[in-house]
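For reference, target-v3.cif (mmCIF, C-alpha atoms):
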```
data_data
loop_
_atom_site.label_atom_id
_atom_site.label_comp_id
_atom_site.auth_asym_id
_atom_site.auth_seq_id
_atom_site.Cartn_x
_atom_site.Cartn_y
_atom_site.Cartn_z
CA MET Y 1 -50.19 58.38 18.36
CA LYS Y 2 -51.11 55.10 20.00
CA ASN Y 3 -50.98 53.29 16.63
CA ILE Y 4 -47.52 54.66 15.91
CA LYS Y 5 -46.23 53.55 19.29
CA ASN Y 6 -47.77 50.10 18.88
CA ASN Y 7 -46.17 49.68 15.45
CA ARG Y 8 -42.78 50.59 16.88
CA LYS Y 9 -43.18 48.01 19.62
CA LYS Y 10 -44.11 45.28 17.15
CA GLY Y 11 -41.05 45.85 14.87
CA PHE Y 12 -37.32 45.07 15.39
CA THR Y 13 -34.76 47.67 16.19
CA LEU Y 14 -31.52 47.86 14.18
CA VAL Y 15 -29.55 46.48 17.12
CA GLU Y 16 -31.91 43.53 17.46
CA THR Y 17 -31.65 42.81 13.75
CA ILE Y 18 -27.83 42.89 13.85
CA ILE Y 19 -27.78 40.57 16.87
CA GLY Y 20 -30.19 38.17 15.18
CA VAL Y 21 -28.16 38.07 11.98
CA SER Y 22 -24.95 37.59 13.96
CA ILE Y 23 -26.41 34.65 15.85
CA PHE Y 24 -27.65 33.13 12.59
CA LEU Y 25 -24.21 33.53 10.98
CA LEU Y 26 -22.50 32.03 14.03
CA ILE Y 27 -24.77 29.01 14.00
CA SER Y 28 -24.25 28.59 10.26
CA LEU Y 29 -20.48 28.78 10.75
CA LEU Y 30 -20.57 26.14 13.50
CA ILE Y 31 -22.69 23.81 11.39
CA SER Y 32 -20.40 24.30 8.38
CA SER Y 33 -17.30 23.65 10.50
CA PHE Y 34 -18.85 20.51 12.00
CA ALA Y 35 -19.80 19.21 8.54
CA ARG Y 36 -16.27 19.89 7.29
CA ASP Y 37 -14.75 18.02 10.23
CA ILE Y 38 -17.05 15.06 9.62
CA PHE Y 39 -16.07 15.03 5.94
CA SER Y 40 -12.36 15.21 6.79
CA LEU Y 41 -12.67 12.41 9.33
CA ASN Y 42 -14.50 10.26 6.81
CA TYR Y 43 -11.80 10.98 4.23
CA VAL Y 44 -9.06 9.93 6.65
CA LEU Y 45 -10.83 6.76 7.71
CA GLN Y 46 -11.68 5.79 4.13
CA GLY Y 47 -8.12 6.54 3.02
CA ASN Y 48 -6.68 4.39 5.78
CA LEU Y 49 -9.03 1.55 4.95
CA ASN Y 50 -8.27 1.66 1.22
CA ALA Y 51 -4.52 1.84 1.78
CA GLU Y 52 -4.63 -1.08 4.20
CA ILE Y 53 -6.69 -3.19 1.79
CA ASP Y 54 -4.31 -2.38 -1.07
CA SER Y 55 -1.17 -3.16 0.91
CA ARG Y 56 -2.54 -6.45 2.24
CA HIS Y 57 -3.59 -7.48 -1.25
CA VAL Y 58 -0.12 -6.75 -2.67
CA VAL Y 59 1.68 -8.58 0.12
CA LYS Y 60 -0.62 -11.58 -0.31
CA ILE Y 61 0.18 -11.78 -4.04
CA ILE Y 62 3.94 -11.59 -3.49
CA VAL Y 63 3.89 -14.13 -0.67
CA THR Y 64 1.74 -16.57 -2.65
CA GLU Y 65 3.96 -16.44 -5.73
CA LEU Y 66 7.19 -16.56 -3.75
CA ARG Y 67 6.05 -19.52 -1.66
CA GLU Y 68 5.74 -21.61 -4.84
CA ALA Y 69 9.05 -20.48 -6.34
CA GLY Y 70 11.17 -23.25 -7.83
CA PRO Y 71 13.66 -24.08 -10.58
CA SER Y 72 13.02 -22.41 -13.93
CA ALA Y 73 11.90 -24.28 -17.03
CA LEU Y 74 15.58 -24.41 -17.94
CA GLY Y 75 16.66 -25.72 -14.54
CA ALA Y 76 17.98 -22.41 -13.18
CA TYR Y 77 17.95 -21.78 -9.43
CA ALA Y 78 14.59 -20.69 -7.98
CA ILE Y 79 15.85 -17.22 -7.06
CA ALA Y 80 17.73 -15.31 -9.74
CA SER Y 81 18.46 -12.05 -7.91
CA ALA Y 82 17.77 -10.64 -4.46
CA THR Y 83 18.28 -7.09 -3.19
CA PRO Y 84 16.32 -4.98 -0.67
CA SER Y 85 14.31 -3.33 -3.47
CA ASN Y 86 14.38 -5.95 -6.22
CA LEU Y 87 13.59 -9.66 -6.26
CA ILE Y 88 13.62 -11.99 -9.26
CA PHE Y 89 12.44 -15.59 -8.97
CA TYR Y 90 10.69 -18.33 -10.93
CA SER Y 91 7.09 -19.25 -10.16
CA ASP Y 92 4.12 -20.62 -12.08
CA VAL Y 93 1.97 -17.50 -11.74
CA ASP Y 94 -0.51 -18.41 -14.50
CA ASN Y 95 -0.92 -22.08 -13.49
CA ASP Y 96 0.10 -23.44 -16.89
CA GLY Y 97 2.58 -25.93 -15.46
CA ILE Y 98 5.63 -23.87 -16.49
CA ARG Y 99 7.32 -21.38 -14.18
CA GLU Y 100 7.53 -17.77 -15.33
CA LYS Y 101 10.33 -15.37 -14.45
CA VAL Y 102 8.85 -12.91 -11.96
CA ARG Y 103 10.37 -9.60 -10.98
CA TYR Y 104 9.22 -7.24 -8.22
CA PHE Y 105 10.96 -3.89 -8.01
CA ILE Y 106 10.56 -0.29 -6.87
CA SER Y 107 10.33 2.43 -9.50
CA GLY Y 108 9.98 5.90 -8.03
CA SER Y 109 6.89 5.82 -5.82
CA SER Y 110 5.49 2.70 -7.47
CA LEU Y 111 5.91 -0.99 -6.82
CA LYS Y 112 6.02 -2.84 -10.12
CA ARG Y 113 5.82 -6.42 -11.29
CA GLY Y 114 7.38 -7.90 -14.39
CA VAL Y 115 6.62 -11.35 -15.80
CA VAL Y 116 8.53 -13.17 -18.52
CA ALA Y 117 6.95 -16.35 -19.88
CA PRO Y 118 9.36 -18.83 -21.47
CA THR Y 119 8.84 -19.24 -25.22
CA GLY Y 120 10.32 -21.11 -28.15
CA SER Y 121 11.72 -24.58 -28.59
CA PRO Y 122 13.86 -25.07 -26.67
CA LEU Y 123 12.32 -22.72 -24.12
CA VAL Y 124 14.00 -19.36 -23.54
CA TYR Y 125 13.29 -16.53 -21.10
CA ASP Y 126 13.44 -13.44 -23.34
CA ASP Y 127 13.55 -10.36 -21.10
CA THR Y 128 12.40 -8.16 -23.99
CA THR Y 129 8.99 -9.83 -23.73
CA GLU Y 130 8.57 -8.90 -20.07
CA LYS Y 131 5.06 -7.73 -19.24
CA LEU Y 132 5.21 -4.89 -16.75
CA SER Y 133 2.45 -3.68 -14.47
CA THR Y 134 2.19 -1.26 -11.56
CA ILE Y 135 0.70 -3.16 -8.67
CA ILE Y 136 0.59 -0.24 -6.26
CA SER Y 137 1.29 3.48 -6.27
CA GLY Y 138 2.22 5.70 -3.35
CA PHE Y 139 4.92 3.24 -2.29
CA VAL Y 140 7.31 4.57 0.34
CA SER Y 141 10.91 3.39 0.24
CA SER Y 142 12.58 2.90 3.61
CA SER Y 143 16.14 2.03 4.54
CA THR Y 144 15.06 0.63 7.91
CA LEU Y 145 12.07 -1.30 6.52
CA PRO Y 146 13.08 -2.37 3.02
CA LEU Y 147 10.69 -4.10 0.66
CA PHE Y 148 12.59 -7.39 0.98
CA GLN Y 149 14.68 -8.87 3.77
CA TYR Y 150 16.25 -12.31 3.48
CA HIS Y 151 16.95 -14.96 6.08
CA SER Y 152 18.74 -18.27 6.18
CA SER Y 153 17.59 -21.57 7.66
CA SER Y 154 18.85 -20.46 11.09
CA TYR Y 155 16.23 -17.73 11.34
CA ALA Y 156 14.40 -18.01 14.64
CA GLY Y 157 12.15 -14.97 14.42
CA THR Y 158 14.45 -12.31 15.87
CA SER Y 159 17.80 -12.73 14.14
CA SER Y 160 19.15 -10.14 11.70
CA PRO Y 161 18.59 -10.59 7.96
CA LEU Y 162 21.35 -11.75 5.65
CA THR Y 163 23.85 -9.07 4.80
CA ILE Y 164 23.83 -7.35 1.41
CA PRO Y 165 24.88 -8.51 -1.14
CA VAL Y 166 22.92 -11.66 -0.37
CA ASP Y 167 24.15 -15.15 -1.16
CA ILE Y 168 20.96 -16.36 -2.87
CA SER Y 169 21.79 -19.99 -2.11
CA SER Y 170 21.44 -19.15 1.61
CA ILE Y 171 17.93 -17.73 1.31
CA ARG Y 172 15.20 -19.81 2.91
CA LEU Y 173 12.77 -17.16 4.12
CA VAL Y 174 11.84 -13.74 2.77
CA LYS Y 175 10.24 -10.96 4.77
CA VAL Y 176 8.06 -8.62 2.68
CA THR Y 177 7.20 -5.11 3.86
CA VAL Y 178 4.94 -2.78 1.91
CA ILE Y 179 4.59 0.86 2.99
CA ILE Y 180 1.92 3.00 1.33
CA ASP Y 181 1.27 6.72 1.54
CA LYS Y 182 -1.00 7.88 -1.27
CA ASP Y 183 -0.46 11.56 -0.47
CA PRO Y 184 2.50 12.45 1.81
CA ASN Y 185 1.13 15.99 2.24
CA ARG Y 186 -2.17 14.86 3.75
CA SER Y 187 -3.62 12.29 6.09
CA PRO Y 188 -3.84 9.32 6.31
CA ILE Y 189 -0.36 8.47 7.50
CA SER Y 190 1.68 5.69 5.95
CA ILE Y 191 0.23 2.20 6.16
CA ILE Y 192 2.74 -0.59 6.83
CA THR Y 193 1.96 -4.21 6.02
CA THR Y 194 4.48 -6.96 6.52
CA SER Y 195 4.56 -10.73 6.15
CA GLN Y 196 7.12 -13.47 5.75
CA VAL Y 197 7.23 -16.50 3.53
CA SER Y 198 9.25 -19.67 3.46
CA VAL Y 199 10.13 -20.79 -0.06
CA ARG Y 200 8.82 -24.36 -0.07
CA ASN Y 201 11.20 -25.72 -2.69
CA LEU Y 202 14.19 -24.38 -0.77
CA LYS Y 203 13.17 -25.60 2.68
CA ASP Y 204 15.62 -27.67 4.67
CA ASN Y 205 15.23 -27.44 8.44
CA LEU Y 206 12.64 -24.62 8.57
#
```
Please go through the file and, once you have read it, give me the structure as structure tokens.
Amino acid sequence: MKNIKNNRKKGFTLVETIIGVSIFLLISLLISSFARDIFSLNYVLQGNLNAEIDSRHVVKIIVTELREAGPSALGAYAIASATPSNLIFYSDVDNDGIREKVRYFISGSSLKRGVVAPTGSPLVYDDTTEKLSTIISGFVSSSTLPLFQYHSSSYAGTSSPLTIPVDISSIRLVKVTVIIDKDPNRSPISIITTSQVSVRNLKDNL
């Protein structure tokens, strides 16, 4: 009888087993939830970082090319067309000494770039030879923060942009705003990058 009683004392009761398993499951659930939160936070931070890097890179490209805009190889005005979502200008983007026709425009949720190199003798800009590329996806169009805003030589940092349609001969400075949201249904939130550029070959009193 003593051995039986001792064996019972050394074992676990059903209640003790259930409590032990419950505690183990609770701890496992807490660890799993913590790991999931860490993963989600890392995803958000990495997404924000990537979107910011992408948007800054795109803005830098546009600003660099636009700053060097000038008359075409045929003598056309430096800026061919200017709207809030579309800008066409001439700039030597491949450093060959001849300005290409460059077009930036919004297509759906993408920001695209088209380049037409002049060919032939005499030189001609043939739009059918335009080379298109998507420079960023997840682009967010905004009526309050359009891709392009245009200013005249009187711009002092706070004045309103030129009204649409824009008189391209009045443009001296262009403000570029890129908004990116790779997945509108999830974090991270939209990343906004903006810069402004004075077109050197059009400068007067800026």
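Residues in contact with Tyr125 of chain Y at up to 10 Å, not including ones fewer than 6 positions away on its chain and judged by all atoms listed in the file, are Ser72, Ala73, Leu74, Glu100, Lys101, Val115, Val116, Ala117, Pro118 and Thr119 of chain Y.
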* **Picked residues, the PyMOL selection byres ((chain Y and resi 136) around 9), as a PyMOL selection string** => chain Y and resi 54-55+58+109-112+134-135+137-139+180
* Asked: At a cut-off of 8 Å from (4.9, -8.8, -16.6) in the coordinates of the file, what residues are picked up using only C-alpha atoms, written as a VMD selection string?
  -> chain Y and resid 102 to 103 113 to 116 130 to 133
* **Closest of Y:Ser143, Y:Thr158, Y:Asn86, Y:Ser170 to Phe105 of chain Y - atom-to-atom distances counting only C-alpha atoms** =>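 Looking at the shortest contact to Phe105 of chain Y, the residue is Y:Asn86.
Using only C-alpha atoms for every distance, the candidate list Y:Pro165, Y:Gly120, Y:Pro146, Y:Ile19 yields Y:Pro146 as the residue closest to Ile106 of chain Y.
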* Please measure the separation of atom CA of Glu68 of chain Y and atom CA of Ser190 of chain Y, giving the value in Å to one decimal. => 29.6 Å
* How many Å lie between atom CA of Asp96 of chain Y and atom CA of Gly70 of chain Y, rounded to one decimal? -> 14.3 Å
* Asked: On this structure, which residues satisfy the PyMOL selection byres ((chain Y and resi 159-162) around 10), written as a PyMOL selection string?
  -> chain Y and resi 148-152+154-158+163-168+170-171+173-175
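Ranking Y:Ile191, Y:Gly97, Y:Ile88, Y:Arg172 by their shortest atom-to-atom distance to Arg56 of chain Y, with all atoms listed in the file included, puts Y:Ile191 first.
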* To do: Determine, counting all atoms listed in the file, which protein, DNA and RNA residues have an atom within 8 Å of an atom of Glu65 of chain Y; residues of the same chain fewer than 6 positions away are not included. Present the result as an MDAnalysis selection string.
  => chainID Y and resid 91:93
